[in-house]
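Participant: Sharing coords.json, JSON, C-alpha atoms:
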[["chain", "number", "residue", "atom", "x", "y", "z"],
["H", 1, "MET", "CA", 32.49, 14.89, 10.69],
["H", 2, "GLU", "CA", 35.47, 14.09, 8.53],
["H", 3, "ASN", "CA", 35.23, 12.58, 5.11],
["H", 4, "LEU", "CA", 31.49, 12.73, 4.95],
["H", 5, "GLU", "CA", 30.87, 11.81, 1.37],
["H", 6, "ILE", "CA", 27.58, 11.47, -0.41],
["H", 7, "LYS", "CA", 27.55, 8.82, -3.11],
["H", 8, "ARG", "CA", 25.07, 8.01, -5.81],
["H", 9, "LEU", "CA", 24.24, 4.38, -5.13],
["H", 10, "LEU", "CA", 24.86, 1.82, -7.83],
["H", 11, "ILE", "CA", 22.48, -1.10, -8.08],
["H", 12, "ASN", "CA", 24.19, -4.36, -7.35],
["H", 13, "TYR", "CA", 23.59, -7.22, -4.94],
["H", 14, "LYS", "CA", 25.64, -5.58, -2.20],
["H", 15, "THR", "CA", 23.59, -2.35, -2.34],
["H", 16, "LEU", "CA", 20.33, -4.28, -2.37],
["H", 17, "GLU", "CA", 21.41, -6.28, 0.66],
["H", 18, "GLU", "CA", 22.30, -3.06, 2.49],
["H", 19, "PHE", "CA", 18.83, -1.67, 1.71],
["H", 20, "GLU", "CA", 17.32, -4.41, 3.87],
["H", 21, "ASN", "CA", 18.78, -2.68, 6.95],
["H", 22, "PHE", "CA", 16.46, 0.29, 6.46],
["H", 23, "ARG", "CA", 12.94, 0.42, 7.86],
["H", 24, "GLU", "CA", 11.48, 1.90, 4.72],
["H", 25, "TYR", "CA", 12.00, -1.01, 2.41],
["H", 26, "GLY", "CA", 9.38, -1.90, -0.11],
["H", 27, "ALA", "CA", 8.23, -2.20, -3.69],
["H", 28, "GLN", "CA", 10.93, 0.10, -5.03],
["H", 29, "GLU", "CA", 13.78, -2.02, -3.68],
["H", 30, "LEU", "CA", 12.07, -5.29, -4.60],
["H", 31, "SER", "CA", 11.60, -4.06, -8.12],
["H", 32, "MET", "CA", 15.30, -3.20, -8.41],
["H", 33, "LYS", "CA", 16.20, -6.66, -7.17],
["H", 34, "GLU", "CA", 13.94, -8.31, -9.74],
["H", 35, "ASP", "CA", 15.26, -6.13, -12.56],
["H", 36, "LEU", "CA", 18.81, -7.06, -11.65],
["H", 37, "ARG", "CA", 18.03, -10.78, -11.39],
["H", 38, "ALA", "CA", 16.16, -10.78, -14.70],
["H", 39, "ASN", "CA", 19.00, -8.84, -16.36],
["H", 40, "ILE", "CA", 16.57, -6.01, -17.14],
["H", 41, "ILE", "CA", 19.16, -3.70, -15.67],
["H", 42, "GLU", "CA", 22.91, -4.23, -15.56],
["H", 43, "GLY", "CA", 24.82, -4.47, -12.32],
["H", 44, "ASP", "CA", 26.16, -1.08, -11.18],
["H", 45, "SER", "CA", 23.41, 0.89, -12.97],
["H", 46, "GLU", "CA", 22.66, 4.25, -11.43],
["H", 47, "SER", "CA", 19.73, 4.45, -9.03],
["H", 48, "PRO", "CA", 17.71, 7.37, -7.66],
["H", 49, "PHE", "CA", 19.31, 6.65, -4.26],
["H", 50, "TYR", "CA", 22.11, 8.59, -2.64],
["H", 51, "GLY", "CA", 23.82, 7.45, 0.51],
["H", 52, "ILE", "CA", 26.58, 7.85, 3.06],
["H", 53, "TYR", "CA", 28.97, 5.04, 4.00],
["H", 54, "TYR", "CA", 30.93, 4.42, 7.18],
["H", 55, "GLY", "CA", 33.72, 2.26, 5.92],
["H", 56, "ASN", "CA", 31.90, -0.36, 3.85],
["H", 57, "LYS", "CA", 28.55, 0.06, 5.57],
["H", 58, "LEU", "CA", 25.70, 2.10, 4.11],
["H", 59, "VAL", "CA", 24.35, 4.05, 7.10],
["H", 60, "ALA", "CA", 22.11, 6.73, 5.55],
["H", 61, "ARG", "CA", 20.19, 7.10, 2.33],
["H", 62, "MET", "CA", 17.56, 9.02, 0.45],
["H", 63, "SER", "CA", 15.85, 8.74, -2.91],
["H", 64, "LEU", "CA", 15.93, 11.85, -5.08],
["H", 65, "TYR", "CA", 14.16, 12.06, -8.39],
["H", 66, "ARG", "CA", 13.73, 14.85, -10.91],
["H", 67, "ILE", "CA", 10.05, 15.36, -11.74],
["H", 68, "ASP", "CA", 9.04, 16.96, -15.00],
["H", 69, "LYS", "CA", 7.51, 20.42, -14.95],
["H", 70, "LYS", "CA", 4.21, 19.11, -16.33],
["H", 71, "TYR", "CA", 3.62, 17.28, -13.03],
["H", 72, "ASP", "CA", 4.46, 20.33, -10.91],
["H", 73, "PHE", "CA", 1.44, 21.32, -8.80],
["H", 74, "TYR", "CA", 3.56, 22.88, -6.05],
["H", 75, "PHE", "CA", 5.78, 25.65, -7.36],
["H", 76, "GLU", "CA", 5.42, 29.09, -8.93],
["H", 77, "PRO", "CA", 6.67, 29.46, -11.62],
["H", 78, "LYS", "CA", 5.84, 25.88, -12.66],
["H", 79, "GLN", "CA", 9.13, 24.00, -13.17],
["H", 80, "ASP", "CA", 11.08, 20.77, -12.83],
["H", 81, "TYR", "CA", 11.58, 19.89, -9.18],
["H", 82, "LEU", "CA", 13.17, 17.19, -7.04],
["H", 83, "GLU", "CA", 11.06, 14.74, -5.09],
["H", 84, "LEU", "CA", 12.89, 13.48, -2.00],
["H", 85, "TRP", "CA", 11.78, 10.32, -0.18],
["H", 86, "LYS", "CA", 13.08, 7.46, 1.98],
["H", 87, "LEU", "CA", 15.42, 9.77, 3.86],
["H", 88, "GLU", "CA", 16.65, 7.54, 6.66],
["H", 89, "VAL", "CA", 19.67, 7.20, 8.92],
["H", 90, "LEU", "CA", 20.29, 3.88, 10.65],
["H", 91, "GLU", "CA", 19.59, 4.12, 14.38],
["H", 92, "PRO", "CA", 23.17, 3.99, 15.75],
["H", 93, "TYR", "CA", 24.30, 6.72, 13.35],
["H", 94, "ARG", "CA", 21.67, 9.33, 14.19],
["H", 95, "GLY", "CA", 22.49, 12.73, 15.68],
["H", 96, "LYS", "CA", 25.66, 13.09, 13.59],
["H", 97, "GLY", "CA", 24.23, 15.34, 10.91],
["H", 98, "LEU", "CA", 23.95, 12.69, 8.22],
["H", 99, "GLY", "CA", 20.28, 13.44, 7.45],
["H", 100, "GLU", "CA", 21.09, 17.14, 7.25],
["H", 101, "ALA", "CA", 24.00, 16.43, 4.90],
["H", 102, "LEU", "CA", 21.73, 14.49, 2.54],
["H", 103, "VAL", "CA", 19.07, 17.21, 2.52],
["H", 104, "ASN", "CA", 21.70, 19.90, 1.91],
["H", 105, "PHE", "CA", 22.96, 17.81, -0.98],
["H", 106, "ALA", "CA", 19.42, 17.78, -2.44],
["H", 107, "LYS", "CA", 19.23, 21.56, -2.09],
["H", 108, "SER", "CA", 22.57, 22.01, -3.86],
["H", 109, "PHE", "CA", 20.94, 21.34, -7.26],
["H", 110, "LYS", "CA", 19.14, 24.69, -6.91],
["H", 111, "LEU", "CA", 15.86, 23.13, -7.95],
["H", 112, "PRO", "CA", 12.79, 23.22, -5.70],
["H", 113, "VAL", "CA", 12.59, 20.15, -3.46],
["H", 114, "LYS", "CA", 9.39, 18.48, -2.30],
["H", 115, "THR", "CA", 8.99, 15.78, 0.32],
["H", 116, "ASN", "CA", 6.21, 14.06, 2.23],
["H", 117, "ALA", "CA", 7.16, 14.70, 5.85],
["H", 118, "ARG", "CA", 6.98, 11.60, 8.06],
["H", 119, "GLN", "CA", 4.87, 11.70, 11.18],
["H", 120, "ARG", "CA", 5.93, 14.47, 13.52],
["H", 121, "SER", "CA", 9.13, 15.30, 11.64],
["H", 122, "ASP", "CA", 8.01, 18.91, 11.06],
["H", 123, "GLU", "CA", 10.71, 20.31, 13.31],
["H", 124, "PHE", "CA", 13.46, 18.69, 11.27],
["H", 125, "TRP", "CA", 12.12, 20.02, 7.96],
["H", 126, "THR", "CA", 11.59, 23.51, 9.33],
["H", 127, "LYS", "CA", 15.16, 23.52, 10.61],
["H", 128, "MET", "CA", 16.28, 22.54, 7.11],
["H", 129, "GLY", "CA", 14.54, 25.58, 5.63],
["H", 130, "PHE", "CA", 11.49, 23.73, 4.33],
["H", 131, "SER", "CA", 7.91, 25.02, 4.58],
["H", 132, "GLY", "CA", 4.69, 23.09, 5.01],
["H", 133, "LEU", "CA", 2.25, 23.71, 2.15],
["H", 134, "THR", "CA", -1.45, 24.38, 2.42],
["H", 135, "TYR", "CA", -3.07, 20.94, 2.37],
["H", 136, "GLN", "CA", -5.11, 20.20, -0.73],
["H", 137, "GLN", "CA", -7.28, 17.10, -0.49],
["H", 138, "GLU", "CA", -7.17, 16.17, -4.20],
["H", 139, "ARG", "CA", -3.47, 16.76, -4.63],
["H", 140, "ASP", "CA", -2.12, 15.60, -1.30],
["H", 141, "ARG", "CA", -4.33, 12.64, -0.29],
["H", 142, "GLY", "CA", -2.99, 12.38, 3.22],
["H", 143, "GLU", "CA", 0.57, 13.51, 2.46],
["H", 144, "ASN", "CA", 2.31, 16.17, 4.55],
["H", 145, "PRO", "CA", 3.93, 18.16, 1.76],
["H", 146, "TYR", "CA", 7.01, 20.09, 2.78],
["H", 147, "VAL", "CA", 8.97, 22.05, 0.20],
["H", 148, "TRP", "CA", 12.15, 24.01, -0.16],
["H", 149, "PHE", "CA", 12.07, 27.07, -2.39],
["H", 150, "PRO", "CA", 15.20, 28.28, -4.15],
["H", 151, "GLU", "CA", 15.40, 32.04, -4.63],
["H", 152, "GLY", "CA", 12.63, 33.42, -6.82],
["H", 153, "VAL", "CA", 10.31, 30.43, -6.32],
["H", 154, "SER", "CA", 7.10, 30.45, -4.29],
["H", 155, "GLU", "CA", 4.05, 28.30, -3.60],
["H", 156, "GLN", "CA", 1.74, 27.66, -6.53],
["H", 157, "GLU", "CA", -1.69, 29.25, -6.06],
["B", 1, "MET", "CA", -16.98, -8.34, 18.43],
["B", 2, "GLU", "CA", -20.39, -6.98, 19.29],
["B", 3, "ASN", "CA", -21.67, -3.66, 18.06],
["B", 4, "LEU", "CA", -18.74, -2.99, 15.82],
["B", 5, "GLU", "CA", -19.99, 0.00, 13.91],
["B", 6, "ILE", "CA", -18.14, 2.02, 11.31],
["B", 7, "LYS", "CA", -19.02, 5.70, 11.31],
["B", 8, "ARG", "CA", -18.27, 8.45, 8.89],
["B", 9, "LEU", "CA", -16.45, 11.01, 11.04],
["B", 10, "LEU", "CA", -17.87, 14.50, 11.35],
["B", 11, "ILE", "CA", -15.45, 17.38, 11.71],
["B", 12, "ASN", "CA", -15.80, 19.08, 15.05],
["B", 13, "TYR", "CA", -13.42, 19.94, 17.87],
["B", 14, "LYS", "CA", -14.01, 16.60, 19.58],
["B", 15, "THR", "CA", -13.05, 14.63, 16.44],
["B", 16, "LEU", "CA", -9.99, 16.78, 15.86],
["B", 17, "GLU", "CA", -8.84, 16.26, 19.42],
["B", 18, "GLU", "CA", -9.26, 12.49, 19.04],
["B", 19, "PHE", "CA", -7.13, 12.58, 15.89],
["B", 20, "GLU", "CA", -4.17, 13.66, 18.01],
["B", 21, "ASN", "CA", -4.09, 10.19, 19.56],
["B", 22, "PHE", "CA", -3.05, 8.67, 16.24],
["B", 23, "ARG", "CA", 0.56, 8.42, 15.10],
["B", 24, "GLU", "CA", -0.21, 9.49, 11.56],
["B", 25, "TYR", "CA", -1.28, 13.01, 12.23],
["B", 26, "GLY", "CA", -0.30, 15.79, 9.90],
["B", 27, "ALA", "CA", -1.19, 18.43, 7.35],
["B", 28, "GLN", "CA", -4.60, 16.92, 6.62],
["B", 29, "GLU", "CA", -5.78, 17.16, 10.21],
["B", 30, "LEU", "CA", -4.21, 20.56, 10.76],
["B", 31, "SER", "CA", -5.95, 21.87, 7.65],
["B", 32, "MET", "CA", -9.32, 20.62, 8.96],
["B", 33, "LYS", "CA", -8.69, 22.36, 12.26],
["B", 34, "GLU", "CA", -7.86, 25.64, 10.54],
["B", 35, "ASP", "CA", -10.88, 25.41, 8.26],
["B", 36, "LEU", "CA", -13.11, 24.86, 11.26],
["B", 37, "ARG", "CA", -11.58, 27.72, 13.24],
["B", 38, "ALA", "CA", -11.82, 30.10, 10.29],
["B", 39, "ASN", "CA", -15.43, 29.05, 9.66],
["B", 40, "ILE", "CA", -14.43, 27.85, 6.18],
["B", 41, "ILE", "CA", -16.25, 24.63, 7.03],
["B", 42, "GLU", "CA", -19.16, 24.23, 9.40],
["B", 43, "GLY", "CA", -18.97, 22.08, 12.49],
["B", 44, "ASP", "CA", -20.13, 18.50, 11.82],
["B", 45, "SER", "CA", -19.21, 18.63, 8.12],
["B", 46, "GLU", "CA", -18.48, 15.26, 6.58],
["B", 47, "SER", "CA", -14.84, 14.25, 6.32],
["B", 48, "PRO", "CA", -13.06, 11.58, 4.26],
["B", 49, "PHE", "CA", -12.41, 9.74, 7.56],
["B", 50, "TYR", "CA", -14.24, 6.69, 8.83],
["B", 51, "GLY", "CA", -13.76, 5.32, 12.30],
["B", 52, "ILE", "CA", -14.74, 2.90, 15.03],
["B", 53, "TYR", "CA", -15.63, 4.00, 18.55],
["B", 54, "TYR", "CA", -15.40, 2.13, 21.84],
["B", 55, "GLY", "CA", -17.92, 4.01, 23.92],
["B", 56, "ASN", "CA", -16.98, 7.64, 23.30],
["B", 57, "LYS", "CA", -13.41, 6.94, 22.27],
["B", 58, "LEU", "CA", -12.26, 6.84, 18.65],
["B", 59, "VAL", "CA", -9.98, 3.80, 18.52],
["B", 60, "ALA", "CA", -9.52, 3.14, 14.78],
["B", 61, "ARG", "CA", -9.73, 5.22, 11.66],
["B", 62, "MET", "CA", -8.96, 5.41, 7.95],
["B", 63, "SER", "CA", -9.29, 8.00, 5.24],
["B", 64, "LEU", "CA", -11.15, 6.92, 2.12],
["B", 65, "TYR", "CA", -11.51, 9.12, -0.89],
["B", 66, "ARG", "CA", -13.06, 8.60, -4.30],
["B", 67, "ILE", "CA", -10.60, 9.46, -7.06],
["B", 68, "ASP", "CA", -11.84, 10.41, -10.49],
["B", 69, "LYS", "CA", -11.27, 8.05, -13.40],
["B", 70, "LYS", "CA", -9.03, 10.57, -15.16],
["B", 71, "TYR", "CA", -6.41, 10.08, -12.44],
["B", 72, "ASP", "CA", -6.60, 6.28, -12.59],
["B", 73, "PHE", "CA", -3.21, 4.85, -13.56],
["B", 74, "TYR", "CA", -3.78, 1.56, -11.76],
["B", 75, "PHE", "CA", -6.88, -0.24, -13.02],
["B", 76, "GLU", "CA", -8.13, -1.84, -16.23],
["B", 77, "PRO", "CA", -10.68, -0.72, -17.35],
["B", 78, "LYS", "CA", -9.81, 2.82, -16.25],
["B", 79, "GLN", "CA", -12.38, 3.89, -13.65],
["B", 80, "ASP", "CA", -13.13, 5.77, -10.43],
["B", 81, "TYR", "CA", -11.41, 4.13, -7.49],
["B", 82, "LEU", "CA", -11.02, 4.57, -3.74],
["B", 83, "GLU", "CA", -7.74, 5.70, -2.23],
["B", 84, "LEU", "CA", -7.33, 4.42, 1.32],
["B", 85, "TRP", "CA", -4.80, 5.97, 3.73],
["B", 86, "LYS", "CA", -4.13, 6.57, 7.41],
["B", 87, "LEU", "CA", -5.53, 3.18, 8.38],
["B", 88, "GLU", "CA", -4.59, 2.95, 12.04],
["B", 89, "VAL", "CA", -5.80, 1.22, 15.18],
["B", 90, "LEU", "CA", -4.70, 2.59, 18.55],
["B", 91, "GLU", "CA", -2.19, 0.29, 20.22],
["B", 92, "PRO", "CA", -4.38, -1.16, 23.04],
["B", 93, "TYR", "CA", -7.14, -2.02, 20.56],
["B", 94, "ARG", "CA", -5.06, -4.01, 18.07],
["B", 95, "GLY", "CA", -5.64, -7.68, 17.33],
["B", 96, "LYS", "CA", -9.43, -7.33, 17.57],
["B", 97, "GLY", "CA", -10.15, -7.16, 13.84],
["B", 98, "LEU", "CA", -10.80, -3.41, 13.73],
["B", 99, "GLY", "CA", -8.36, -2.77, 10.87],
["B", 100, "GLU", "CA", -9.89, -5.67, 8.94],
["B", 101, "ALA", "CA", -13.39, -4.28, 9.53],
["B", 102, "LEU", "CA", -12.38, -0.89, 8.10],
["B", 103, "VAL", "CA", -10.78, -2.45, 5.03],
["B", 104, "ASN", "CA", -13.81, -4.67, 4.44],
["B", 105, "PHE", "CA", -15.97, -1.56, 4.66],
["B", 106, "ALA", "CA", -13.83, 0.07, 1.94],
["B", 107, "LYS", "CA", -14.26, -3.02, -0.24],
["B", 108, "SER", "CA", -18.03, -2.96, 0.23],
["B", 109, "PHE", "CA", -18.38, -0.05, -2.25],
["B", 110, "LYS", "CA", -17.40, -2.49, -5.04],
["B", 111, "LEU", "CA", -14.93, 0.01, -6.45],
["B", 112, "PRO", "CA", -11.24, -0.78, -6.82],
["B", 113, "VAL", "CA", -9.25, 0.23, -3.75],
["B", 114, "LYS", "CA", -5.65, 1.45, -3.76],
["B", 115, "THR", "CA", -3.38, 2.02, -0.78],
["B", 116, "ASN", "CA", 0.28, 2.75, -0.11],
["B", 117, "ALA", "CA", 1.30, -0.14, 2.14],
["B", 118, "ARG", "CA", 3.27, 0.95, 5.21],
["B", 119, "GLN", "CA", 6.64, -0.58, 5.85],
["B", 120, "ARG", "CA", 6.47, -4.35, 6.15],
["B", 121, "SER", "CA", 2.65, -4.50, 6.24],
["B", 122, "ASP", "CA", 2.51, -6.69, 3.11],
["B", 123, "GLU", "CA", 1.22, -9.69, 5.04],
["B", 124, "PHE", "CA", -1.81, -7.76, 6.28],
["B", 125, "TRP", "CA", -2.74, -6.49, 2.81],
["B", 126, "THR", "CA", -2.28, -9.90, 1.21],
["B", 127, "LYS", "CA", -4.55, -11.42, 3.87],
["B", 128, "MET", "CA", -7.13, -8.76, 3.01],
["B", 129, "GLY", "CA", -7.12, -9.84, -0.65],
["B", 130, "PHE", "CA", -4.93, -7.01, -1.93],
["B", 131, "SER", "CA", -2.11, -7.44, -4.46],
["B", 132, "GLY", "CA", 1.15, -5.57, -4.78],
["B", 133, "LEU", "CA", 1.49, -3.83, -8.14],
["B", 134, "THR", "CA", 4.55, -3.73, -10.33],
["B", 135, "TYR", "CA", 6.56, -0.74, -9.15],
["B", 136, "GLN", "CA", 6.74, 2.13, -11.62],
["B", 137, "GLN", "CA", 9.28, 4.81, -10.76],
["B", 138, "GLU", "CA", 7.40, 7.74, -12.31],
["B", 139, "ARG", "CA", 4.01, 6.81, -10.94],
["B", 140, "ASP", "CA", 4.92, 5.40, -7.55],
["B", 141, "ARG", "CA", 7.89, 7.50, -6.33],
["B", 142, "GLY", "CA", 8.69, 5.30, -3.39],
["B", 143, "GLU", "CA", 5.13, 4.17, -2.63],
["B", 144, "ASN", "CA", 4.29, 0.51, -2.11],
["B", 145, "PRO", "CA", 1.06, 0.36, -4.09],
["B", 146, "TYR", "CA", -1.33, -2.38, -3.01],
["B", 147, "VAL", "CA", -4.71, -2.72, -4.67],
["B", 148, "TRP", "CA", -7.92, -4.64, -4.38],
["B", 149, "PHE", "CA", -9.67, -5.62, -7.60],
["B", 150, "PRO", "CA", -13.43, -6.11, -7.68],
["B", 151, "GLU", "CA", -14.63, -8.73, -10.15],
["B", 152, "GLY", "CA", -13.84, -7.90, -13.76],
["B", 153, "VAL", "CA", -11.04, -5.46, -12.89],
["B", 154, "SER", "CA", -7.33, -6.04, -13.41],
["B", 155, "GLU", "CA", -4.00, -4.21, -13.35],
["B", 156, "GLN", "CA", -3.55, -1.45, -15.92],
["B", 157, "GLU", "CA", -0.82, -2.25, -18.47]]
Can you give me the file's structure in the form of structure tokens?
Facilitator:
Amino acid sequence: MENLEIKRLLINYKTLEEFENFREYGAQELSMKEDLRANIIEGDSESPFYGIYYGNKLVARMSLYRIDKKYDFYFEPKQDYLELWKLEVLEPYRGKGLGEALVNFAKSFKLPVKTNARQRSDEFWTKMGFSGLTYQQERDRGENPYVWFPEGVSEQE
Amino acid sequence: MENLEIKRLLINYKTLEEFENFREYGAQELSMKEDLRANIIEGDSESPFYGIYYGNKLVARMSLYRIDKKYDFYFEPKQDYLELWKLEVLEPYRGKGLGEALVNFAKSFKLPVKTNARQRSDEFWTKMGFSGLTYQQERDRGENPYVWFPEGVSEQE
């Protein structure tokens, strides 16, 4: 695909309206909307969302957030890592590599990446070089943790 | 409905096979299967799952797990609470109050209950007496936290 560009999404009314097109829409987006309305954040503030546009239309997005080392129960050595969630491509734009492009972007920071794999998406994550972790009841509470290890990083014992 | 009985699910090959009928199937179930195969757990061990049977068929389930007070970032006063996940009723059995029965069972312990509301399920949780919490980026990381407060309990500041 030509001109496939990943943009950090700025919070403004246009972005928030675009978010409503995605299935995974919830407290996070509502909270951004309230903060903007109440002037708690300024328009065009940076968000943890990254996305891909087709023309003016947001067609794929993910949330990517750097988690402090002290909350790392996944990686050895213990370190800052990226939590990836709400990876989603709008239905008519699937099969064009947009999800892959977003995940590769996440990997480009050279930090470990952790996600909670959606139901039966294991094949996708494996293809992207992620590994499923050993399930730990207390830590995972029903999540399907999949992680990507940069060189020299392994699973925490 | 007559004879609606909620059972704590025992881990055995029959239960694990039934779990495959549910959409939300993942690391948790696979880990149980491995533990059973490797004799790490005995057959008919207790699981965090509760379910409802129609005859011999498991048609609804949820996972319910008591979380220690030290991990409570939701409730005031800080206390043990129940985390509820994987609430699911098989398609042909929906609209019969099975989901409601499971949630009411969770509430019957008189502990606070917390869940991560699935996409656009807010109406269901509100009907069940749950409230959406103020989204906190660091704590919630894309979750839609909904909670049920027993008497005398409120949202943690």
Participant: Give me, as a compact mmCIF listing (two decimals) with C-alpha atoms, in the coordinates of the input, the contact residues of chain H against chain B at a cut-off of 6 Å, counting all atoms listed in the file.
Facilitator:
# COMPACT_ATOMS: atom_id res chain seq x y z
CA GLU H 24 11.48 1.90 4.72
CA GLY H 26 9.38 -1.90 -0.11
CA ALA H 27 8.23 -2.20 -3.69
CA GLN H 28 10.93 0.10 -5.03
CA GLN H 119 4.87 11.70 11.18
CA TYR H 135 -3.07 20.94 2.37
CA GLY H 142 -2.99 12.38 3.22
CA ASN H 144 2.31 16.17 4.55
Participant: Listing only residues of region 96-144 of chain B within 12 Å of region 2-14 of chain B, what is the closest atom pair and its distance in Å (to one decimal) for each, using all atoms listed in the file, sorted by chain and residue number ascending, as JSON lines?
Facilitator:
{"residue": "B:Lys96", "atom": "CA", "partner": "B:Leu4", "partner_atom": "CA", "distance": 10.4}
{"residue": "B:Gly97", "atom": "CA", "partner": "B:Leu4", "partner_atom": "CA", "distance": 9.8}
{"residue": "B:Leu98", "atom": "CA", "partner": "B:Leu4", "partner_atom": "CA", "distance": 8.2}
{"residue": "B:Gly99", "atom": "CA", "partner": "B:Ile6", "partner_atom": "CA", "distance": 10.9}
{"residue": "B:Glu100", "atom": "CA", "partner": "B:Ile6", "partner_atom": "CA", "distance": 11.5}
{"residue": "B:Ala101", "atom": "CA", "partner": "B:Ile6", "partner_atom": "CA", "distance": 8.1}
{"residue": "B:Leu102", "atom": "CA", "partner": "B:Ile6", "partner_atom": "CA", "distance": 7.2}
{"residue": "B:Val103", "atom": "CA", "partner": "B:Ile6", "partner_atom": "CA", "distance": 10.7}
{"residue": "B:Asn104", "atom": "CA", "partner": "B:Ile6", "partner_atom": "CA", "distance": 10.5}
{"residue": "B:Phe105", "atom": "CA", "partner": "B:Ile6", "partner_atom": "CA", "distance": 7.9}
{"residue": "B:Ala106", "atom": "CA", "partner": "B:Ile6", "partner_atom": "CA", "distance": 10.5}
Participant: Take the residues that were just selected and, keeping C-alpha atoms, output them as a PDB file, in the frame of the given file.
Facilitator:
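Produced file part_23.pdb, reproduced below:
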ATOM      1  CA  LYS B  96      -9.430  -7.330  17.570  1.00  0.00           C
ATOM      2  CA  GLY B  97     -10.150  -7.160  13.840  1.00  0.00           C
ATOM      3  CA  LEU B  98     -10.800  -3.410  13.730  1.00  0.00           C
ATOM      4  CA  GLY B  99      -8.360  -2.770  10.870  1.00  0.00           C
ATOM      5  CA  GLU B 100      -9.890  -5.670   8.940  1.00  0.00           C
ATOM      6  CA  ALA B 101     -13.390  -4.280   9.530  1.00  0.00           C
ATOM      7  CA  LEU B 102     -12.380  -0.890   8.100  1.00  0.00           C
ATOM      8  CA  VAL B 103     -10.780  -2.450   5.030  1.00  0.00           C
ATOM      9  CA  ASN B 104     -13.810  -4.670   4.440  1.00  0.00           C
ATOM     10  CA  PHE B 105     -15.970  -1.560   4.660  1.00  0.00           C
ATOM     11  CA  ALA B 106     -13.830   0.070   1.940  1.00  0.00           C
TER      12      ALA B 106
END
Participant: Between CA of Glu42 (chain H) and CA of Glu18 (chain H), what is the distance in Å, rounded to a tenth?
Facilitator: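 So the answer is 18.1 Å.
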Participant: For region 6-14 of chain H, take all atoms listed in the file, fit an axis-aligned box around them, add 5 Å to each of the six sides, then output centre and edge lengths in Å rounded to one decimal, as lines of an AutoDock Vina configuration file.
Facilitator:
center_x = 25.0
center_y = 2.1
center_z = -4.2
size_x = 15.1
size_y = 28.7
size_z = 17.7
Participant: When you count all atoms listed in the file, which of these residues is closest to Tyr81 (chain B): B:Leu111, B:Met128, B:Ile40, B:Val147?
Facilitator: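 The shortest atom-to-atom distance to Tyr81 (chain B) comes from B:Leu111.
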Participant: Find, counting all atoms listed in the file, the residue in H:Arg94, H:Pro112, H:Thr15, H:Asn56 that gets nearest to Glu76 (chain H).
Facilitator: H:Pro112
Participant: Nearest to Glu157 (chain B): which of B:Lys57, B:Lys33, B:Lys69, B:Lys78 is it, counting only C-alpha atoms?
Facilitator: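 Answer, going by the shortest atom-to-atom distance: B:Lys78.
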Participant: Name all residues at most 10 Å from Pro150 (chain B) (count all atoms listed in the file; drop same-chain ones fewer than 5 positions away) and give them as a ChimeraX atom specification.
Facilitator: /B:107-113
Participant: Selected residues, C-alpha atoms, written as a short mmCIF file (atom, residue, chain, number, x, y, z; two decimals), keeping the file's coordinate frame, please.
Facilitator:
data_model
loop_
_atom_site.label_atom_id
_atom_site.label_comp_id
_atom_site.auth_asym_id
_atom_site.auth_seq_id
_atom_site.Cartn_x
_atom_site.Cartn_y
_atom_site.Cartn_z
CA LYS B 107 -14.26 -3.02 -0.24
CA SER B 108 -18.03 -2.96 0.23
CA PHE B 109 -18.38 -0.05 -2.25
CA LYS B 110 -17.40 -2.49 -5.04
CA LEU B 111 -14.93 0.01 -6.45
CA PRO B 112 -11.24 -0.78 -6.82
CA VAL B 113 -9.25 0.23 -3.75
#
Participant: Rounded to one decimal in Å, what is the spacing between CA of Glu91 (chain B) and CA of Val59 (chain B)?
Facilitator: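 Between these atoms lies a distance of 8.7 Å.
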Participant: How many Å separate CA of Leu90 (chain H) from CA of Gly55 (chain H)?
Facilitator: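 Here the two named atoms are 14.3 Å from each other.
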